[in-house]
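Step one of this worksheet: look at the structure below.
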Amino acid sequence: MPSVLIVDDEPNIRRMVGALLRAEGWTVRDAATGTAALAAAEADEPDVALVDLMMPGDLDGLALLERLRAAVPDLPVVMMSGRAALADAVRATRLGAVNFLEKPLTPEGVPLALGAAFELRQARRAARALREDLGLSGDLVGGAPSLLEVKARIARVGPTEARVLITGESGTGKELVAAALHAASPRRDRPLVRVNCAAIPRDLVESEMFGHERGAFTGAAERRLGRFELAHTGTLFLDEVGDLGLEAQAKLLRALEAGEIERVGGAGPIAVDVRILAATNHDLPQAVAEGRFREDLFFRLNVIPITLPPLRERLGDLPALVRHFTARHHARTGQPLVAWGDDALAALARHRWPGNVRELANVVERIAILHAGQAVTAADVAEVLPATAGAHPRGDGDALASAALARGTPLNDALDDFERQLLQAALRTAGSMTDAARRLHTDRANLYRRMRRLGLTPPGEGT
């Protein structure tokens with residue numbers, strides 16, 4: 001049974017609309033002020049809100065709409081008014097209202113509008129569940145002050161059209177920030193298109209970004225839309241933008257400045273309406289100083305900066321993250337939940353987490369599979385953490401060397417053992433062959449050769 005929160009300072013409106021909707025099968029709550037409505041929505045989120053535009057007090061209809069969008073981003077809000085101007089309706093739509101009803105309300109119009117809003121709510125829930133299954137949930141778990149600052153900035157910036165540059169180490173959750181910004185924007189029901197700039201070969205950047213016409217080059221058997229066109233009216237997320245070459249940066253800058261693109265082999269420009277979000281783990285100001293990144297493009301992207309803290313700087317959030325990843329694994333697989341003891345959580349907290357939250361998610365999933373339905377101990381954690389889990393890398397190296405000497409391990413075997421552990425750690429923390437190769441300052445082909453020589457299976461080639 002769907003639920004609705006009716007917000008209007010006129011008791012008769014609340015009473016009549018409430019009776020109409022109860023007869024249609026809705027669960028109804030109401031509030032006379034914006035402040036009371038915000039508290040009610042935060043305490044028990046409804047499926048839909050019906051909000052009057054003109055209300056006395058600190059929060060009128062538009063102010064309440066803006067606060068609801070920040071507090072409960074997935075809540076569809078239908079506005080109503082008997083004295084609204086066109087500008088009010090336009091502003092309400094830009095702030096995220098899904099519909100605007102004129103008073104006097106009709107018995108046919110209200111259920112129809114709220115029914116459509118409820119269908120949108122269900123679609124958003126399904127999309128959120130799919131994003132969670134794919135690891136793209138916009139939920140940022142934790143309450144560390146540095147993370148709360150990030151969440152507050154998302155709430156302020158999300159509803160705008162401002163470009164955002166998200167920075168932070170690999171694995172800190174930059175893609176989650178992009179998803180949260182998109183979900184908080186008026187474009188949330190339009191496409192969110194991600195481009196991994198590090199994975200695009202240099203000679204295919206223009207085709208990937210802007211598309212191509214049939215016959216534009218050898219192998220172009222049909223027209224292909226680029227990422228800009230696919231993201232039209234939505235959001236384009238340029239992940240790892242710091243890995244673009246200078247030529248690709250120039251083409252991207254022209255598209256941002258002109259608001260239009262041209263397909264490879266195309267006859268003319270095509271206007272595109274996209275909001276740009278970008279992310280990188282590189283120091284772009286340093287790259288600008290060294291001539292590796294265009295200064296004008298940096299200024300275009302860095303309108304609003306958001307920097308994510310590494311996990312080692314918010315270890316107080318580690319228990320909440322562990323519970324989150326454990327519950328997500330259980331929901332996805334149905335396997336029995338594991339129970340995390342204090343000693344196990346303490347063992348996790350002693351790790352350096354060079355791969356940040358992504359590495360923690362992988363470790364939690366591994367333990368949840370290996371110890372399904374059991375209590376997790378510090379020894380279980382030690383089994384899955386890399387040998388270099390301590391706080392002092394040099395000491396760990398000494399320990400590995402001493403162990404090899406004690407066993408009488410031949411030099412070549414000891415070197416192979418170390419290289420094997422190094423490659424496994426790089427893949428575990430990086431999350432992809434491309435990122436692992438970059439971290440190790442080598443290329444993908446060399447990384448593949450070394451893995452096969454050491455008997456390691458590259459990602460995607462296992463059975």
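Labels for the structure tokens follow display order: chains A, B, ..., residues from 1 in each chain, ligands from 1.
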Margin query: Env of segment 47-57 of chain A: 8 Å cut, atoms = only C-alpha atoms, seq-sep filter 3 positions within chain, self excluded. Answer as a ChimeraX atom specification.
Written below: /A:2-9,33-34,60-62,65,75-81,84,114,117-118,121
Would you mind exporting N, CA and C atoms of the selected residues as a compact mmCIF listing (two decimals), in the first residue's frame?
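As written to disk, out.txt reads:
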# COMPACT_ATOMS: atom_id res chain seq x y z
N PRO A 2 0.80 2.10 -1.04
CA PRO A 2 1.67 3.28 -1.10
C PRO A 2 1.30 4.31 -0.04
N SER A 3 2.28 5.10 0.37
CA SER A 3 2.06 6.12 1.40
C SER A 3 2.32 7.50 0.83
N VAL A 4 1.58 8.50 1.35
CA VAL A 4 1.72 9.87 0.89
C VAL A 4 1.77 10.80 2.09
N LEU A 5 2.58 11.82 1.98
CA LEU A 5 2.64 12.89 2.98
C LEU A 5 2.05 14.14 2.35
N ILE A 6 0.92 14.63 2.90
CA ILE A 6 0.26 15.83 2.38
C ILE A 6 0.69 17.01 3.25
N VAL A 7 1.21 18.05 2.61
CA VAL A 7 1.72 19.21 3.34
C VAL A 7 0.97 20.45 2.86
N ASP A 8 0.14 21.01 3.74
CA ASP A 8 -0.66 22.18 3.40
C ASP A 8 -1.10 22.84 4.70
N ASP A 9 -1.06 24.17 4.74
CA ASP A 9 -1.46 24.86 5.97
C ASP A 9 -2.98 24.97 6.10
N THR A 33 2.96 22.44 8.40
CA THR A 33 4.09 23.34 8.15
C THR A 33 5.23 22.59 7.48
N GLY A 34 6.12 23.36 6.85
CA GLY A 34 7.27 22.75 6.21
C GLY A 34 8.20 22.08 7.21
N ASP A 60 8.66 27.58 3.21
CA ASP A 60 7.53 27.56 2.29
C ASP A 60 7.67 26.33 1.39
N GLY A 61 6.79 26.21 0.39
CA GLY A 61 6.81 25.01 -0.44
C GLY A 61 8.11 24.77 -1.17
N LEU A 62 8.66 25.83 -1.78
CA LEU A 62 9.91 25.67 -2.54
C LEU A 62 11.09 25.37 -1.62
N LEU A 65 10.77 21.82 -0.60
CA LEU A 65 11.16 20.96 -1.72
C LEU A 65 12.68 20.80 -1.77
N LEU A 75 12.70 10.66 -2.96
CA LEU A 75 11.28 10.94 -2.72
C LEU A 75 10.70 11.82 -3.84
N PRO A 76 9.71 11.33 -4.60
CA PRO A 76 9.06 12.18 -5.61
C PRO A 76 8.15 13.21 -4.93
N VAL A 77 8.26 14.46 -5.34
CA VAL A 77 7.47 15.53 -4.75
C VAL A 77 6.56 16.14 -5.82
N VAL A 78 5.25 16.17 -5.53
CA VAL A 78 4.28 16.83 -6.41
C VAL A 78 3.88 18.13 -5.73
N MET A 79 4.03 19.26 -6.44
CA MET A 79 3.68 20.56 -5.88
C MET A 79 2.25 20.92 -6.28
N MET A 80 1.60 21.77 -5.46
CA MET A 80 0.25 22.26 -5.78
C MET A 80 0.13 23.71 -5.32
N SER A 81 -0.68 24.48 -6.04
CA SER A 81 -0.88 25.88 -5.68
C SER A 81 -2.07 26.45 -6.43
N ALA A 84 0.03 30.22 -8.17
CA ALA A 84 1.40 30.12 -8.69
C ALA A 84 1.52 30.81 -10.04
N LEU A 114 -0.33 11.44 -8.38
CA LEU A 114 0.39 10.71 -7.34
C LEU A 114 0.71 9.28 -7.77
N ALA A 117 3.75 9.50 -9.83
CA ALA A 117 4.90 9.74 -8.96
C ALA A 117 5.31 8.47 -8.23
N PHE A 118 4.34 7.66 -7.81
CA PHE A 118 4.66 6.41 -7.12
C PHE A 118 5.35 5.43 -8.07
N ARG A 121 8.82 6.40 -8.17
CA ARG A 121 9.47 5.98 -6.94
C ARG A 121 9.91 4.52 -7.04
Check: segment 29-124 of chain A: which residues are helix (DSSP H, G or I) by DSSP, as a PyMOL selection string?
Finding: chain A and resi 34-43+61-71+86-94+109-124
Can I get the selection written as a short mmCIF file (atom, residue, chain, number, x, y, z; two decimals), in the first residue's frame, with N, CA and C atoms?
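That gives us result_14.cif:
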data_model
loop_
_atom_site.label_atom_id
_atom_site.label_comp_id
_atom_site.auth_asym_id
_atom_site.auth_seq_id
_atom_site.Cartn_x
_atom_site.Cartn_y
_atom_site.Cartn_z
N GLY A 34 6.12 23.36 6.85
CA GLY A 34 7.27 22.75 6.21
C GLY A 34 8.20 22.08 7.21
N THR A 35 8.36 22.71 8.37
CA THR A 35 9.25 22.14 9.39
C THR A 35 8.73 20.79 9.88
N ALA A 36 7.42 20.71 10.14
CA ALA A 36 6.83 19.45 10.58
C ALA A 36 6.90 18.40 9.48
N ALA A 37 6.71 18.82 8.23
CA ALA A 37 6.76 17.88 7.11
C ALA A 37 8.16 17.29 6.95
N LEU A 38 9.20 18.14 7.08
CA LEU A 38 10.57 17.66 6.94
C LEU A 38 10.89 16.63 8.03
N ALA A 39 10.48 16.93 9.26
CA ALA A 39 10.71 15.99 10.36
C ALA A 39 9.97 14.67 10.12
N ALA A 40 8.75 14.74 9.61
CA ALA A 40 7.96 13.53 9.36
C ALA A 40 8.60 12.68 8.26
N ALA A 41 9.08 13.34 7.21
CA ALA A 41 9.68 12.61 6.09
C ALA A 41 10.99 11.95 6.50
N GLU A 42 11.78 12.62 7.36
CA GLU A 42 13.04 12.05 7.80
C GLU A 42 12.82 10.90 8.78
N ALA A 43 11.75 10.99 9.59
CA ALA A 43 11.47 9.95 10.57
C ALA A 43 10.92 8.69 9.91
N GLY A 61 6.79 26.21 0.39
CA GLY A 61 6.81 25.01 -0.44
C GLY A 61 8.11 24.77 -1.17
N LEU A 62 8.66 25.83 -1.78
CA LEU A 62 9.91 25.67 -2.54
C LEU A 62 11.09 25.37 -1.62
N ALA A 63 11.13 26.05 -0.47
CA ALA A 63 12.21 25.78 0.48
C ALA A 63 12.12 24.35 1.01
N LEU A 64 10.90 23.89 1.28
CA LEU A 64 10.72 22.51 1.73
C LEU A 64 11.14 21.53 0.64
N LEU A 65 10.77 21.82 -0.60
CA LEU A 65 11.16 20.96 -1.72
C LEU A 65 12.68 20.80 -1.77
N GLU A 66 13.38 21.92 -1.61
CA GLU A 66 14.85 21.87 -1.67
C GLU A 66 15.42 21.05 -0.52
N ARG A 67 14.83 21.19 0.68
CA ARG A 67 15.32 20.44 1.83
C ARG A 67 15.00 18.95 1.69
N LEU A 68 13.83 18.63 1.15
CA LEU A 68 13.48 17.23 0.94
C LEU A 68 14.40 16.57 -0.08
N ARG A 69 14.76 17.31 -1.12
CA ARG A 69 15.66 16.76 -2.14
C ARG A 69 17.01 16.41 -1.53
N ALA A 70 17.45 17.20 -0.53
CA ALA A 70 18.73 16.92 0.12
C ALA A 70 18.61 15.78 1.13
N ALA A 71 17.48 15.76 1.89
CA ALA A 71 17.33 14.78 2.98
C ALA A 71 16.91 13.40 2.48
N LEU A 86 3.97 31.18 -13.60
CA LEU A 86 4.74 30.25 -14.42
C LEU A 86 6.17 30.12 -13.90
N ALA A 87 6.73 31.21 -13.42
CA ALA A 87 8.11 31.17 -12.91
C ALA A 87 8.21 30.24 -11.71
N ASP A 88 7.16 30.20 -10.86
CA ASP A 88 7.18 29.30 -9.71
C ASP A 88 7.19 27.85 -10.15
N ALA A 89 6.39 27.53 -11.14
CA ALA A 89 6.34 26.16 -11.64
C ALA A 89 7.68 25.76 -12.25
N VAL A 90 8.28 26.69 -13.00
CA VAL A 90 9.58 26.39 -13.61
C VAL A 90 10.63 26.16 -12.53
N ARG A 91 10.63 27.02 -11.50
CA ARG A 91 11.62 26.87 -10.44
C ARG A 91 11.41 25.56 -9.68
N ALA A 92 10.14 25.22 -9.42
CA ALA A 92 9.86 23.96 -8.72
C ALA A 92 10.35 22.77 -9.53
N THR A 93 10.17 22.83 -10.83
CA THR A 93 10.64 21.73 -11.69
C THR A 93 12.16 21.64 -11.65
N ARG A 94 12.84 22.78 -11.70
CA ARG A 94 14.30 22.77 -11.65
C ARG A 94 14.82 22.25 -10.31
N GLY A 109 -7.52 14.26 -10.98
CA GLY A 109 -6.14 14.68 -11.21
C GLY A 109 -5.17 14.28 -10.11
N VAL A 110 -5.63 14.34 -8.85
CA VAL A 110 -4.73 14.04 -7.73
C VAL A 110 -4.27 12.58 -7.74
N PRO A 111 -5.18 11.59 -7.79
CA PRO A 111 -4.71 10.19 -7.82
C PRO A 111 -3.84 9.89 -9.05
N LEU A 112 -4.18 10.51 -10.20
CA LEU A 112 -3.41 10.27 -11.40
C LEU A 112 -1.97 10.77 -11.24
N ALA A 113 -1.83 11.99 -10.71
CA ALA A 113 -0.50 12.57 -10.54
C ALA A 113 0.31 11.80 -9.50
N LEU A 114 -0.33 11.44 -8.38
CA LEU A 114 0.39 10.71 -7.34
C LEU A 114 0.71 9.28 -7.77
N GLY A 115 -0.18 8.68 -8.57
CA GLY A 115 0.10 7.33 -9.09
C GLY A 115 1.33 7.33 -9.98
N ALA A 116 1.44 8.34 -10.85
CA ALA A 116 2.62 8.44 -11.71
C ALA A 116 3.88 8.67 -10.88
N ALA A 117 3.75 9.50 -9.83
CA ALA A 117 4.90 9.74 -8.96
C ALA A 117 5.31 8.47 -8.23
N PHE A 118 4.34 7.66 -7.81
CA PHE A 118 4.66 6.41 -7.12
C PHE A 118 5.35 5.43 -8.07
N GLU A 119 4.92 5.38 -9.33
CA GLU A 119 5.60 4.52 -10.31
C GLU A 119 7.05 4.96 -10.48
N LEU A 120 7.28 6.28 -10.48
CA LEU A 120 8.64 6.79 -10.56
C LEU A 120 9.44 6.36 -9.34
N ARG A 121 8.82 6.40 -8.17
CA ARG A 121 9.47 5.98 -6.94
C ARG A 121 9.91 4.52 -7.04
N GLN A 122 9.02 3.65 -7.54
CA GLN A 122 9.36 2.24 -7.67
C GLN A 122 10.50 2.04 -8.67
N ALA A 123 10.48 2.82 -9.75
CA ALA A 123 11.55 2.72 -10.74
C ALA A 123 12.90 3.14 -10.13
N ARG A 124 12.87 4.17 -9.29
CA ARG A 124 14.10 4.62 -8.64
C ARG A 124 14.62 3.55 -7.69
#
Note to self: Using only C-alpha atoms for the distances, tell me which of A:Met209, A:Ala426, A:Ala198, A:Ala179 is nearest to Pro354 of chain A.
What the structure shows: A:Ala426
Checklist line | Atomic separation - atom CA of Ala445 of chain A relative to atom CA of Val357 of chain A, Å | finding: 27.6 Å
Check: What is the distance, in Å and to one decimal place, between atom CA of Arg156 of chain A and atom CA of Ala258 of chain A?
Finding: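 Going from atom CA of Arg156 of chain A over to atom CA of Ala258 of chain A, I get 26.6 Å.
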May I have the residues within 8 Å of Ala344 of chain A as a PDB file with N, CA and C atoms, in the first residue's frame, using only C-alpha atoms and disregarding those fewer than 3 positions away in the same chain?
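Ended up saving to result.pdb:
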ATOM      1  N   TRP A 340      31.192 -10.558  13.016  1.00  0.00           N
ATOM      2  CA  TRP A 340      32.515  -9.960  13.156  1.00  0.00           C
ATOM      3  C   TRP A 340      32.797  -9.692  14.636  1.00  0.00           C
ATOM      4  N   GLY A 341      33.818 -10.354  15.173  1.00  0.00           N
ATOM      5  CA  GLY A 341      34.231 -10.104  16.537  1.00  0.00           C
ATOM      6  C   GLY A 341      35.083  -8.856  16.644  1.00  0.00           C
ATOM      7  N   ALA A 347      41.890  -6.260  13.909  1.00  0.00           N
ATOM      8  CA  ALA A 347      42.884  -6.709  12.927  1.00  0.00           C
ATOM      9  C   ALA A 347      42.727  -5.971  11.608  1.00  0.00           C
ATOM     10  N   LEU A 348      41.496  -5.738  11.191  1.00  0.00           N
ATOM     11  CA  LEU A 348      41.264  -4.962   9.973  1.00  0.00           C
ATOM     12  C   LEU A 348      41.771  -3.534  10.138  1.00  0.00           C
ATOM     13  N   VAL A 376      33.861 -14.525  12.742  1.00  0.00           N
ATOM     14  CA  VAL A 376      35.160 -14.206  12.148  1.00  0.00           C
ATOM     15  C   VAL A 376      36.134 -13.792  13.244  1.00  0.00           C
ATOM     16  N   THR A 377      37.337 -14.353  13.208  1.00  0.00           N
ATOM     17  CA  THR A 377      38.366 -14.049  14.202  1.00  0.00           C
ATOM     18  C   THR A 377      39.508 -13.270  13.561  1.00  0.00           C
ATOM     19  N   ALA A 378      40.421 -12.801  14.406  1.00  0.00           N
ATOM     20  CA  ALA A 378      41.599 -12.101  13.903  1.00  0.00           C
ATOM     21  C   ALA A 378      42.441 -13.016  13.029  1.00  0.00           C
ATOM     22  N   ALA A 379      42.500 -14.309  13.374  1.00  0.00           N
ATOM     23  CA  ALA A 379      43.263 -15.261  12.562  1.00  0.00           C
ATOM     24  C   ALA A 379      42.659 -15.397  11.171  1.00  0.00           C
ATOM     25  N   ASP A 380      41.316 -15.385  11.088  1.00  0.00           N
ATOM     26  CA  ASP A 380      40.666 -15.448   9.769  1.00  0.00           C
ATOM     27  C   ASP A 380      41.019 -14.229   8.927  1.00  0.00           C
ATOM     28  N   VAL A 381      41.067 -13.060   9.571  1.00  0.00           N
ATOM     29  CA  VAL A 381      41.437 -11.833   8.860  1.00  0.00           C
ATOM     30  C   VAL A 381      42.873 -11.913   8.358  1.00  0.00           C
TER      31      VAL A 381
END
Could you make a table, as CSV, of the residues of segment 283-364 of chain A that have an atom within 10 Å of an atom of segment 237-248 of chain A, each with its nearest atom pair and distance in Å to one decimal, counting only C-alpha atoms, in chain and number order?
residue,atom,partner,partner_atom,distance
A:Asp283,CA,A:Gly242,CA,8.3
A:Leu284,CA,A:Gly242,CA,6.8
A:Ala287,CA,A:Gly242,CA,8.3
A:Gly291,CA,A:Leu246,CA,9.0
A:Arg292,CA,A:Leu246,CA,6.9
A:Phe293,CA,A:Leu246,CA,6.6
A:Arg294,CA,A:Leu246,CA,7.1
A:Phe298,CA,A:Gly242,CA,9.5
A:Leu301,CA,A:Val241,CA,9.7
Checklist line | A:Leu253, A:Ala339, A:Leu318, A:Leu165 ranked by distance to His282 of chain A, top pick (using only C-alpha atoms) | finding: A:Leu165
Margin query: I need the residues of segment 110-332 of chain A that end up classed as strand (DSSP E or B) by DSSP on the backbone, written out as an MDAnalysis selection string.
Written below: chainID A and resid 164:167 192:196 211:212 224:225 235:239 260:261 264 270:271 275:280 304:307
